[in-house]
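Data block for protein12.cif (mmCIF, C-alpha atoms and all ligand atoms):
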```
data_data
loop_
_atom_site.label_atom_id
_atom_site.label_comp_id
_atom_site.auth_asym_id
_atom_site.auth_seq_id
_atom_site.Cartn_x
_atom_site.Cartn_y
_atom_site.Cartn_z
CA MET U 299 -26.01 22.32 18.41
CA THR U 300 -23.59 19.48 19.13
CA SER U 301 -22.26 18.23 22.44
CA GLU U 302 -18.91 19.76 21.37
CA ASP U 303 -20.63 23.14 21.22
CA LEU U 304 -21.84 22.70 24.77
CA ASP U 305 -18.38 21.54 25.86
CA PHE U 306 -16.91 24.66 24.29
CA ASP U 307 -19.48 26.79 26.09
CA ARG U 308 -18.65 25.16 29.42
CA GLN U 309 -14.90 25.57 28.98
CA HIS U 310 -14.63 29.00 27.35
CA ILE U 311 -17.69 31.15 27.97
CA TRP U 312 -18.55 33.02 31.15
CA HIS U 313 -22.20 32.96 32.14
CA PRO U 314 -23.44 35.40 34.78
CA TYR U 315 -22.73 34.63 38.40
CA THR U 316 -21.58 31.04 38.00
CA SER U 317 -18.21 29.38 38.42
CA MET U 318 -16.07 28.65 35.38
CA SER U 319 -14.54 25.66 37.16
CA ALA U 320 -17.84 24.01 38.10
CA PRO U 321 -20.51 25.86 36.14
CA LEU U 322 -24.22 25.36 36.63
CA PRO U 323 -25.83 23.69 33.61
CA VAL U 324 -27.09 25.94 30.79
CA TYR U 325 -30.06 25.09 28.58
CA PRO U 326 -29.63 25.65 24.82
CA VAL U 327 -32.41 27.86 23.45
CA SER U 328 -33.12 27.99 19.71
CA GLY U 329 -36.01 30.41 19.55
CA ALA U 330 -38.54 32.43 21.49
CA ALA U 331 -42.08 33.38 20.48
CA GLY U 332 -44.97 34.88 22.39
CA CYS U 333 -44.58 33.80 25.99
CA GLU U 334 -42.42 30.76 25.29
CA LEU U 335 -38.75 29.85 24.93
CA GLN U 336 -37.99 26.92 22.66
CA LEU U 337 -35.15 24.60 23.62
CA ASN U 338 -32.94 22.91 21.01
CA ASP U 339 -34.61 19.56 21.64
CA GLY U 340 -37.95 21.13 20.67
CA GLN U 341 -39.31 21.45 24.21
CA ARG U 342 -41.20 24.70 24.84
CA LEU U 343 -41.01 26.50 28.18
CA ILE U 344 -43.46 29.12 29.45
CA ASP U 345 -41.42 32.18 30.34
CA GLY U 346 -41.79 33.54 33.86
CA MET U 347 -38.80 35.91 33.74
CA SER U 348 -39.31 38.26 30.75
CA SER U 349 -35.55 37.77 30.26
CA TRP U 350 -34.79 39.78 33.42
CA TRP U 351 -37.62 42.35 33.34
CA ALA U 352 -37.09 43.19 29.67
CA ALA U 353 -39.42 41.26 27.32
CA ILE U 354 -42.66 42.87 28.51
CA HIS U 355 -44.52 42.27 25.23
CA GLY U 356 -43.26 38.68 24.91
CA TYR U 357 -40.92 37.47 22.16
CA GLY U 358 -41.16 38.10 18.43
CA HIS U 359 -43.82 40.80 18.71
CA PRO U 360 -44.58 41.71 15.06
CA GLN U 361 -44.39 45.49 15.66
CA LEU U 362 -40.97 45.19 17.32
CA THR U 363 -39.67 42.83 14.64
CA ALA U 364 -40.90 45.11 11.85
CA ALA U 365 -39.30 48.18 13.45
CA LEU U 366 -35.98 46.34 13.82
CA CYS U 367 -35.98 45.03 10.25
CA GLU U 368 -36.89 48.40 8.79
CA GLN U 369 -34.23 50.24 10.79
CA ALA U 370 -31.61 47.53 10.10
CA GLN U 371 -32.02 48.14 6.39
CA ARG U 372 -31.98 51.90 6.68
CA MET U 373 -29.17 52.47 9.19
CA PRO U 374 -28.38 50.14 12.11
CA HIS U 375 -25.87 52.56 13.59
CA VAL U 376 -24.21 55.89 13.19
CA MET U 377 -22.17 57.86 15.72
CA PHE U 378 -24.09 60.39 17.82
CA GLY U 379 -21.30 62.96 17.97
CA GLY U 380 -22.09 65.75 15.54
CA VAL U 381 -25.06 63.94 13.97
CA THR U 382 -28.62 63.18 14.98
CA HIS U 383 -31.39 60.98 13.60
CA ALA U 384 -35.13 60.48 13.62
CA PRO U 385 -35.27 57.34 15.84
CA ALA U 386 -33.42 59.11 18.69
CA ILE U 387 -35.50 62.28 18.38
CA ALA U 388 -38.77 60.32 18.34
CA LEU U 389 -37.68 58.30 21.36
CA CYS U 390 -36.57 61.26 23.46
CA ARG U 391 -39.82 63.08 22.60
CA LYS U 392 -41.77 60.12 23.91
CA LEU U 393 -39.64 59.79 27.05
CA VAL U 394 -39.99 63.48 27.88
CA ALA U 395 -43.75 63.26 27.32
CA MET U 396 -44.35 60.13 29.41
CA THR U 397 -42.20 61.04 32.45
CA PRO U 398 -42.95 63.86 34.96
CA PRO U 399 -42.82 67.34 33.32
CA ALA U 400 -39.64 68.49 35.10
CA LEU U 401 -37.61 65.69 33.47
CA SER U 402 -36.91 67.22 30.08
CA ARG U 403 -33.27 66.43 29.21
CA VAL U 404 -32.32 62.94 28.00
CA PHE U 405 -28.97 61.14 27.85
CA LEU U 406 -29.04 57.84 25.90
CA ALA U 407 -26.57 55.10 26.75
CA ASP U 408 -26.15 51.40 26.17
CA SER U 409 -27.05 49.60 29.39
CA GLY U 410 -28.64 50.07 32.78
CA SER U 411 -25.35 50.15 34.66
CA VAL U 412 -24.09 52.89 32.37
CA ALA U 413 -27.31 54.87 32.95
CA VAL U 414 -26.50 54.71 36.67
CA GLU U 415 -22.90 55.81 36.07
CA VAL U 416 -24.26 58.70 34.01
CA ALA U 417 -26.72 59.67 36.75
CA MET U 418 -24.01 59.64 39.43
CA LYS U 419 -21.65 61.60 37.23
CA MET U 420 -24.39 64.17 36.53
CA ALA U 421 -24.87 64.66 40.26
CA LEU U 422 -21.13 65.06 40.85
CA GLN U 423 -20.67 67.48 37.96
CA TYR U 424 -23.71 69.47 39.12
CA TRP U 425 -22.19 70.10 42.55
CA GLN U 426 -18.76 70.74 41.10
CA ALA U 427 -20.28 73.40 38.82
CA ARG U 428 -21.94 74.97 41.85
CA GLY U 429 -18.62 75.09 43.65
CA GLU U 430 -19.63 72.64 46.37
CA ASN U 431 -17.50 69.71 47.34
CA ARG U 432 -20.13 66.96 47.55
CA ARG U 433 -18.84 63.53 46.62
CA ARG U 434 -20.85 61.03 48.59
CA PHE U 435 -24.01 59.16 47.71
CA LEU U 436 -26.61 57.99 50.20
CA THR U 437 -28.61 54.87 49.45
CA LEU U 438 -30.56 52.03 51.05
CA ARG U 439 -29.26 48.64 52.06
CA GLY U 440 -30.71 45.80 50.00
CA GLY U 441 -30.47 47.79 46.77
CA TYR U 442 -29.03 46.89 43.39
CA HIS U 443 -27.91 49.38 40.75
CA GLY U 444 -25.69 47.37 38.39
CA ASP U 445 -22.27 45.82 38.06
CA THR U 446 -19.97 48.65 36.96
CA PHE U 447 -17.85 50.25 39.68
CA GLY U 448 -19.96 53.32 40.36
CA ALA U 449 -23.18 51.31 40.34
CA MET U 450 -21.62 48.63 42.51
CA SER U 451 -20.48 51.20 45.06
CA VAL U 452 -24.13 52.08 45.80
CA SER U 453 -25.46 48.50 45.62
CA CYS U 454 -25.94 46.56 48.86
CA PRO U 455 -22.47 45.94 50.37
CA ASP U 456 -23.44 42.37 51.34
CA ASN U 457 -24.76 41.24 47.95
CA SER U 458 -22.15 42.95 45.84
CA MET U 459 -19.29 41.82 48.09
CA HIS U 460 -17.82 45.24 48.83
CA GLY U 461 -15.19 43.43 50.86
CA LEU U 462 -13.63 42.23 47.60
CA TRP U 463 -13.17 45.80 46.38
CA ARG U 464 -12.07 47.55 49.52
CA GLY U 465 -9.86 50.53 48.69
CA TYR U 466 -11.00 50.41 45.10
CA ILE U 467 -14.61 51.52 45.20
CA PRO U 468 -15.63 54.69 47.02
CA GLU U 469 -17.34 54.14 50.36
CA HIS U 470 -20.81 55.62 50.30
CA LEU U 471 -23.52 55.91 52.94
CA PHE U 472 -26.06 53.13 53.51
CA ALA U 473 -29.28 53.59 55.44
CA PRO U 474 -31.14 50.51 56.70
CA ALA U 475 -33.40 48.90 54.10
CA PRO U 476 -37.04 49.93 54.44
CA THR U 477 -39.02 47.34 56.41
CA CYS U 478 -42.45 48.99 56.19
CA ARG U 479 -44.05 46.97 53.41
CA PHE U 480 -46.06 48.33 50.52
CA GLU U 481 -49.44 47.43 52.04
CA ASP U 482 -48.55 48.07 55.73
CA THR U 483 -49.78 51.10 57.63
CA TRP U 484 -47.04 53.71 57.52
CA ASP U 485 -44.68 53.81 60.48
CA ALA U 486 -43.04 57.23 60.63
CA ALA U 487 -40.30 55.99 62.99
CA GLN U 488 -38.85 53.98 60.08
CA ILE U 489 -37.37 56.98 58.39
CA ALA U 490 -35.37 58.18 61.43
CA PRO U 491 -32.03 56.45 60.65
CA PHE U 492 -32.19 57.79 57.11
CA THR U 493 -32.88 61.32 58.34
CA GLN U 494 -30.00 61.06 60.83
CA LEU U 495 -27.57 60.08 58.07
CA VAL U 496 -28.72 63.04 55.98
CA GLU U 497 -28.31 65.42 58.92
CA LYS U 498 -24.88 64.11 59.83
CA HIS U 499 -23.49 64.30 56.27
CA ARG U 500 -25.71 67.01 54.78
CA HIS U 501 -22.88 68.99 53.16
CA ALA U 502 -21.08 65.96 51.75
CA ILE U 503 -24.00 64.20 50.03
CA ALA U 504 -24.35 64.81 46.30
CA ALA U 505 -27.44 62.67 45.85
CA VAL U 506 -29.65 59.98 47.27
CA ILE U 507 -29.93 57.07 44.85
CA LEU U 508 -32.58 54.38 45.24
CA GLU U 509 -34.89 51.98 43.47
CA PRO U 510 -38.40 53.35 43.98
CA ILE U 511 -40.86 50.95 45.71
CA VAL U 512 -39.27 47.70 44.50
CA GLN U 513 -35.80 46.61 45.58
CA GLY U 514 -35.18 44.15 42.76
CA ALA U 515 -32.04 42.04 42.41
CA GLY U 516 -31.07 42.96 45.99
CA GLY U 517 -33.95 40.96 47.46
CA MET U 518 -37.25 41.50 45.61
CA ARG U 519 -38.84 43.59 48.39
CA PHE U 520 -41.68 46.11 48.04
CA TYR U 521 -41.66 49.07 50.40
CA HIS U 522 -44.18 51.70 51.43
CA PRO U 523 -44.75 54.65 49.06
CA GLN U 524 -44.58 57.00 52.06
CA TRP U 525 -40.86 56.15 52.33
CA LEU U 526 -40.37 57.64 48.93
CA LYS U 527 -42.48 60.70 49.71
CA GLU U 528 -40.54 61.39 52.92
CA ILE U 529 -37.19 60.99 51.16
CA ARG U 530 -38.35 63.30 48.38
CA THR U 531 -39.37 65.97 50.93
CA LEU U 532 -36.13 65.56 52.85
CA CYS U 533 -34.01 65.89 49.70
CA TYR U 534 -35.86 69.07 48.68
CA ARG U 535 -35.43 70.49 52.17
CA GLU U 536 -31.71 69.73 52.33
CA GLY U 537 -31.01 70.60 48.69
CA ILE U 538 -29.78 67.08 47.92
CA LEU U 539 -30.49 65.53 44.50
CA LEU U 540 -32.67 62.43 44.24
CA ILE U 541 -31.82 59.76 41.65
CA ALA U 542 -34.56 57.19 40.96
CA ASP U 543 -33.27 53.99 39.38
CA GLU U 544 -36.35 52.69 37.51
CA ILE U 545 -34.34 50.35 35.31
CA ALA U 546 -36.30 47.35 36.63
CA THR U 547 -39.57 49.03 37.62
CA GLY U 548 -40.12 51.30 34.62
CA PHE U 549 -42.76 50.78 31.92
CA GLY U 550 -45.63 49.36 33.91
CA ARG U 551 -44.18 46.41 35.81
CA THR U 552 -45.43 47.55 39.24
CA GLY U 553 -48.90 48.58 38.04
CA GLU U 554 -47.93 52.24 37.56
CA LEU U 555 -46.11 53.36 34.42
CA PHE U 556 -43.20 54.28 36.72
CA ALA U 557 -42.90 53.18 40.34
CA CYS U 558 -42.39 56.81 41.44
CA GLY U 559 -46.06 57.17 40.44
CA HIS U 560 -47.10 55.15 43.52
CA ALA U 561 -45.81 58.05 45.62
CA GLY U 562 -46.56 60.83 43.14
CA ILE U 563 -42.97 62.09 43.28
CA THR U 564 -40.58 63.46 40.66
CA PRO U 565 -36.88 62.61 41.05
CA ASP U 566 -34.16 65.01 39.88
CA ILE U 567 -32.57 62.26 37.80
CA LEU U 568 -34.31 59.15 36.43
CA CYS U 569 -32.62 56.01 35.06
CA LEU U 570 -34.46 53.77 32.57
CA GLY U 571 -33.36 50.57 30.85
CA LYS U 572 -34.32 46.90 30.68
CA ALA U 573 -37.91 47.00 29.22
CA LEU U 574 -37.15 50.19 27.27
CA THR U 575 -36.76 48.27 23.99
CA GLY U 576 -39.30 45.58 24.87
CA GLY U 577 -36.40 43.20 25.52
CA THR U 578 -34.94 43.28 22.02
CA MET U 579 -31.86 45.50 22.25
CA THR U 580 -29.68 46.96 24.97
CA LEU U 581 -30.44 50.65 25.58
CA SER U 582 -30.83 52.98 28.53
CA ALA U 583 -31.81 56.56 29.17
CA THR U 584 -30.99 58.98 31.99
CA LEU U 585 -33.37 61.92 32.26
CA THR U 586 -32.84 65.07 34.25
CA THR U 587 -34.15 68.62 34.66
CA GLY U 588 -33.34 71.69 32.61
CA GLU U 589 -31.79 73.31 35.68
CA ILE U 590 -29.35 70.45 36.32
CA ALA U 591 -28.43 70.26 32.61
CA LYS U 592 -27.81 74.00 32.51
CA THR U 593 -25.73 74.02 35.69
CA ILE U 594 -23.53 71.21 34.37
CA SER U 595 -23.18 72.90 30.99
CA ASP U 596 -22.25 76.27 32.53
CA GLY U 597 -19.62 74.61 34.74
CA GLU U 598 -15.88 74.33 34.29
CA ALA U 599 -16.02 71.43 31.81
CA GLY U 600 -18.62 73.21 29.66
CA CYS U 601 -20.35 69.92 28.90
CA PHE U 602 -21.32 66.61 30.43
CA MET U 603 -18.28 64.34 30.34
CA HIS U 604 -19.68 61.16 28.84
CA GLY U 605 -20.16 59.86 25.29
CA PRO U 606 -20.39 56.12 24.67
CA THR U 607 -19.55 54.78 21.20
CA PHE U 608 -23.02 53.34 20.68
CA MET U 609 -24.84 56.31 22.20
CA GLY U 610 -28.31 56.71 20.70
CA ASN U 611 -27.94 53.53 18.59
CA PRO U 612 -30.68 53.91 15.92
CA LEU U 613 -31.60 50.22 15.87
CA ALA U 614 -32.17 50.20 19.63
CA CYS U 615 -34.04 53.52 19.46
CA ALA U 616 -36.33 52.14 16.72
CA ALA U 617 -37.12 49.11 18.88
CA ALA U 618 -37.78 51.37 21.87
CA ASN U 619 -40.14 53.54 19.80
CA ALA U 620 -42.11 50.47 18.76
CA SER U 621 -42.24 49.19 22.34
CA LEU U 622 -43.44 52.55 23.68
CA ASP U 623 -46.08 52.68 20.91
CA ILE U 624 -47.43 49.36 22.17
CA LEU U 625 -47.44 50.67 25.75
CA GLU U 626 -49.21 53.84 24.66
CA GLN U 627 -52.13 51.75 23.43
CA GLY U 628 -52.69 51.06 27.12
CA ALA U 629 -53.44 47.33 27.26
CA TRP U 630 -50.59 46.90 29.78
CA ARG U 631 -52.70 48.41 32.57
CA HIS U 632 -55.35 45.73 32.64
CA GLN U 633 -52.84 43.02 31.71
CA VAL U 634 -50.66 43.88 34.72
CA ARG U 635 -53.74 44.16 36.95
CA ALA U 636 -54.97 40.72 35.83
CA ILE U 637 -51.53 39.18 36.43
CA GLU U 638 -51.40 40.76 39.89
CA CYS U 639 -54.82 39.40 40.77
CA GLN U 640 -54.00 35.88 39.60
CA LEU U 641 -50.58 35.91 41.31
CA ARG U 642 -52.25 36.89 44.59
CA ASN U 643 -54.82 34.11 44.31
CA ALA U 644 -52.29 31.46 43.38
CA LEU U 645 -49.25 32.43 45.46
CA LEU U 646 -50.57 33.92 48.71
CA PRO U 647 -51.95 30.53 49.90
CA LEU U 648 -48.35 29.18 49.72
CA GLN U 649 -47.62 31.46 52.69
CA ASP U 650 -48.65 28.58 54.98
CA HIS U 651 -46.25 26.08 53.45
CA PRO U 652 -43.56 25.02 55.96
CA ARG U 653 -40.81 25.73 53.44
CA VAL U 654 -42.05 29.27 52.81
CA GLN U 655 -40.89 32.34 54.72
CA ASP U 656 -42.93 34.97 52.89
CA VAL U 657 -45.02 35.58 49.79
CA ARG U 658 -45.46 39.00 48.20
CA VAL U 659 -47.04 40.32 45.03
CA LEU U 660 -46.99 43.77 43.43
CA GLY U 661 -48.12 44.46 39.89
CA ALA U 662 -46.77 41.77 37.58
CA ILE U 663 -44.20 40.59 40.14
CA GLY U 664 -44.75 37.58 42.39
CA VAL U 665 -42.20 36.45 44.97
CA VAL U 666 -42.05 33.29 47.08
CA GLU U 667 -39.26 33.61 49.64
CA THR U 668 -38.23 30.24 51.06
CA ARG U 669 -36.62 29.48 54.42
CA THR U 670 -33.55 27.83 52.93
CA PRO U 671 -31.73 28.59 49.68
CA VAL U 672 -32.72 26.71 46.56
CA ASN U 673 -30.49 24.07 45.05
CA MET U 674 -30.01 25.83 41.72
CA ALA U 675 -29.15 22.88 39.49
CA SER U 676 -32.01 20.70 40.77
CA ILE U 677 -34.69 23.36 40.91
CA GLN U 678 -33.80 24.57 37.43
CA ARG U 679 -34.08 21.01 36.13
CA ALA U 680 -37.41 20.51 37.92
CA PHE U 681 -38.82 23.69 36.35
CA VAL U 682 -37.63 22.76 32.87
CA THR U 683 -39.14 19.30 33.26
CA ALA U 684 -42.41 20.99 34.25
CA GLY U 685 -42.25 23.07 31.03
CA VAL U 686 -41.56 26.46 32.61
CA TRP U 687 -38.65 28.90 32.67
CA ILE U 688 -38.23 30.24 36.20
CA ARG U 689 -34.81 31.17 37.51
CA PRO U 690 -34.63 31.67 41.28
CA PHE U 691 -31.72 33.08 43.25
CA GLY U 692 -30.82 32.36 46.87
CA ARG U 693 -34.07 32.04 48.80
CA LEU U 694 -36.15 33.80 46.17
CA ILE U 695 -38.39 32.09 43.63
CA TYR U 696 -40.05 34.83 41.65
CA LEU U 697 -42.14 35.52 38.58
CA MET U 698 -42.24 38.59 36.37
CA PRO U 699 -43.84 37.29 33.18
CA PRO U 700 -44.43 39.15 29.91
CA TYR U 701 -47.60 41.26 30.17
CA ILE U 702 -49.19 39.24 27.34
CA ILE U 703 -49.13 35.97 29.32
CA THR U 704 -52.45 34.11 29.28
CA SER U 705 -54.20 33.01 32.41
CA ASP U 706 -53.53 29.34 31.55
CA GLN U 707 -49.83 29.98 31.03
CA LEU U 708 -49.59 31.88 34.31
CA ALA U 709 -51.38 29.04 36.08
CA ARG U 710 -48.69 26.67 34.76
CA LEU U 711 -46.00 28.91 36.27
CA THR U 712 -47.62 29.21 39.69
CA SER U 713 -48.42 25.50 39.93
CA ALA U 714 -44.81 24.68 39.02
CA ILE U 715 -43.73 26.77 42.03
CA ALA U 716 -46.23 25.01 44.31
CA GLU U 717 -44.93 21.69 42.99
CA VAL U 718 -41.19 22.33 43.62
CA LEU U 719 -41.96 23.31 47.21
CA THR U 720 -42.81 19.64 47.84
CA ARG U 721 -39.39 18.47 46.67
CA ASP U 722 -36.50 18.19 49.15
CA ASP U 723 -33.90 17.87 46.39
CA CYS U 724 -34.72 21.37 45.14
CA PHE U 725 -33.57 23.05 48.38
CA GLN U 726 -30.47 23.23 50.49
CA SER U 727 -31.08 22.02 54.01
C1 LIG O 1 -30.61 45.44 36.01
C2 LIG O 1 -30.51 46.69 36.79
C3 LIG O 1 -29.44 47.60 36.59
C4 LIG O 1 -28.31 47.30 35.63
O1 LIG O 1 -28.73 47.22 34.31
P1 LIG O 1 -27.79 46.46 33.23
O2 LIG O 1 -28.48 46.70 31.93
O3 LIG O 1 -27.75 45.03 33.65
O4 LIG O 1 -26.44 47.10 33.30
C5 LIG O 1 -29.42 48.75 37.34
N1 LIG O 1 -30.40 49.02 38.23
C6 LIG O 1 -31.44 48.20 38.44
C7 LIG O 1 -32.51 48.57 39.41
C8 LIG O 1 -31.52 47.00 37.73
O5 LIG O 1 -32.54 46.15 37.96
#
```
Please rewrite the model in this file as structure tokens.
Amino acid sequence: MTSEDLDFDRQHIWHPYTSMSAPLPVYPVSGAAGCELQLNDGQRLIDGMSSWWAAIHGYGHPQLTAALCEQAQRMPHVMFGGVTHAPAIALCRKLVAMTPPALSRVFLADSGSVAVEVAMKMALQYWQARGENRRRFLTLRGGYHGDTFGAMSVSCPDNSMHGLWRGYIPEHLFAPAPTCRFEDTWDAAQIAPFTQLVEKHRHAIAAVILEPIVQGAGGMRFYHPQWLKEIRTLCYREGILLIADEIATGFGRTGELFACGHAGITPDILCLGKALTGGTMTLSATLTTGEIAKTISDGEAGCFMHGPTFMGNPLACAAANASLDILEQGAWRHQVRAIECQLRNALLPLQDHPRVQDVRVLGAIGVVETRTPVNMASIQRAFVTAGVWIRPFGRLIYLMPPYIITSDQLARLTSAIAEVLTRDDCFQS
């Protein structure tokens, strides 16, 4: 890669959440293997991000690569309208088998945000078919559900800048973010504002949508499983649907296969994505119950009104099948437990550092929340110099490494975090 290539990148290519006039630096990557990214200059970085929750088995896993190559030669893609194929059938079988028994109908789409759009549309069509005019969604502040308009409308108004879109995105209902932490003793008073919103708008709410246990991109917070249990009970009582967005938490990241497992609840609609293909291809799935599928299908439209071009993409399904096969072997459970244990030992002592507001760990997720925001360009450079790939946002420095990370590699990540805390240039004052 030449410096002209990088100039072209800077002038012509959008990168996520950075200015095109004064972009943050980007690091050219030429390859990725195991738990490492390789930069163009040959430097290798230990990966602390799993490429945004996705690469749970690390990079270049031989089973994933073999599945992709085999499927690429056979049939990378074919439309899903009017045809079906073995990779999609195998995948949906596995998804139905590994999720709670009630979730038996699967819609495949091409990204997490679309899975959320599909879930919201399912809820709306369900109520329409039942002849009830329910068009509002209730969610929690501090959440994140994606960047498309429907998903954005239920993401935290502060983070997703609802002010920018006023009059253009529907205004939904936001309950205060849970403050009772995962390990706290349960405080029943917490749920009151949520219950009040439900009672006030009970006939207008189509569904509650939330991220179970872990609020991810909206702030990396872990809340008490009892929250989820209470919401589940309330939704059953009021006849409101519950959508669980497990796009970030699914497939073992929190220590349970799905975060809903911490509370032992079954949602009416479940969104999966990110780690579904082990970080190789973009794919998502929205699962629901037979009753909801039947109600929608017996309604005015006679079908569910959605059908993306790359629905059920065979290449992505083949990768997902290989990734789920690896998960089924079960090593993830002790891998995630070992990561959790080491993250606790290494990160919790940072709690006393003057620059640190809070430290929290759940499953293979470790978060150091600082008192002031990071200086992105400097902290990124400091991490790369230290040989690690960690990408903070705002006041959050966090790790969610591939499950296959070794103890030595993880120690390099946590000591890099301890090291940057000593550097003034890595933080805004
Ligand atoms: C990342 C994420 C999404 C959006 O997924 P994309 O594939 O980026 O569209 C939705 N919900 C949650 C909880 C996520 O973490």
Practice problem: Point out the residue among U:Leu462, U:Val512, U:Leu304, U:Ala486 with the least atom-to-atom distance to ligand LIG 1 (chain O), counting all atoms listed in the file. | Solution: U:Val512
Practice problem: Go through U:Leu585, U:Cys601, U:Ile387, U:Leu532 one by one, measure the shortest atom-to-atom distance of each to Ile567 (chain U) using all atoms listed in the file, and give the residue with the smallest value. | Solution: U:Leu585
Quiz prompt | Contacts of ligand LIG 1 (chain O), 7 Å or closer, all atoms listed in the file, given as a VMD selection string | solution = chain U and resid 409 to 412 414 442 to 445 509 514 to 515 543 to 546 571 to 572
Using C-alpha atoms, can you export the residues from the last selection as an mmCIF file, keeping the file's coordinate frame?
```cif
data_model
loop_
_atom_site.group_PDB
_atom_site.id
_atom_site.type_symbol
_atom_site.label_atom_id
_atom_site.label_comp_id
_atom_site.auth_asym_id
_atom_site.auth_seq_id
_atom_site.Cartn_x
_atom_site.Cartn_y
_atom_site.Cartn_z
ATOM 1 C CA SER U 409 -27.050 49.600 29.390
ATOM 2 C CA GLY U 410 -28.640 50.070 32.780
ATOM 3 C CA SER U 411 -25.350 50.150 34.660
ATOM 4 C CA VAL U 412 -24.090 52.890 32.370
ATOM 5 C CA VAL U 414 -26.500 54.710 36.670
ATOM 6 C CA TYR U 442 -29.030 46.890 43.390
ATOM 7 C CA HIS U 443 -27.910 49.380 40.750
ATOM 8 C CA GLY U 444 -25.690 47.370 38.390
ATOM 9 C CA ASP U 445 -22.270 45.820 38.060
ATOM 10 C CA GLU U 509 -34.890 51.980 43.470
ATOM 11 C CA GLY U 514 -35.180 44.150 42.760
ATOM 12 C CA ALA U 515 -32.040 42.040 42.410
ATOM 13 C CA ASP U 543 -33.270 53.990 39.380
ATOM 14 C CA GLU U 544 -36.350 52.690 37.510
ATOM 15 C CA ILE U 545 -34.340 50.350 35.310
ATOM 16 C CA ALA U 546 -36.300 47.350 36.630
ATOM 17 C CA GLY U 571 -33.360 50.570 30.850
ATOM 18 C CA LYS U 572 -34.320 46.900 30.680
#
```
Exercise. Excluding Ala636 (chain U) and any residue of its chain fewer than 3 positions from it, enumerate the residues within 10 Å of it, using all atoms listed in the file, and give them as a list in words.
Key: Trp630, Arg631, His632, Gln633, Cys639, Gln640, Leu641, Arg642, Gly661, Ala662, Tyr701, Ile703, Thr704 and Ser705 of chain U
Practice problem: Find the spatial neighbours of Pro510 (chain U), counting only C-alpha atoms, within a cut-off of 8 Å - ignore same-chain residues fewer than 5 positions away - and output them as a ChimeraX atom specification. | Solution: /U:526,542-544,547,557-558
Taking all atoms of region 596-614 of chain U that the file lists and extending 5 Å past them on each side, where is the centre of the axis-aligned box and how long are its edges? Answer in Å to one decimal, as lines of an AutoDock Vina configuration file.
```
center_x = -24.0
center_y = 63.2
center_z = 25.3
size_x = 26.3
size_y = 36.1
size_z = 28.9
```
Quiz item: Taking only C-alpha atoms into account, which of U:Ala413, U:Ile702, U:Ala407, U:Ala502 comes nearest Val634 (chain U)?
Solution: U:Ile702
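Our summary of the geometry notes that CA of Glu667 (chain U) is positioned 8.1 Å from CA of Tyr696 (chain U).
Straight-line separation from CA of Leu539 (chain U) to CA of Gly440 (chain U): 20.5 Å.
Among the candidates U:Met674, U:Ala573, U:Leu648, U:Leu711, the residue lying nearest to Trp687 (chain U) is U:Leu711 (atoms considered: all atoms listed in the file).
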Tell me, as a PDB file with C-alpha atoms, keeping the file's coordinate frame, which residues lie within 8 Å of Gln726 (chain U), counting all atoms listed in the file; anything in the same chain fewer than 3 positions away does not count.
```
ATOM      1  CA  THR U 670     -33.550  27.830  52.930  1.00  0.00           C
ATOM      2  CA  PRO U 671     -31.730  28.590  49.680  1.00  0.00           C
ATOM      3  CA  VAL U 672     -32.720  26.710  46.560  1.00  0.00           C
ATOM      4  CA  ASN U 673     -30.490  24.070  45.050  1.00  0.00           C
ATOM      5  CA  ASP U 722     -36.500  18.190  49.150  1.00  0.00           C
ATOM      6  CA  ASP U 723     -33.900  17.870  46.390  1.00  0.00           C
TER       7      ASP U 723
END
```
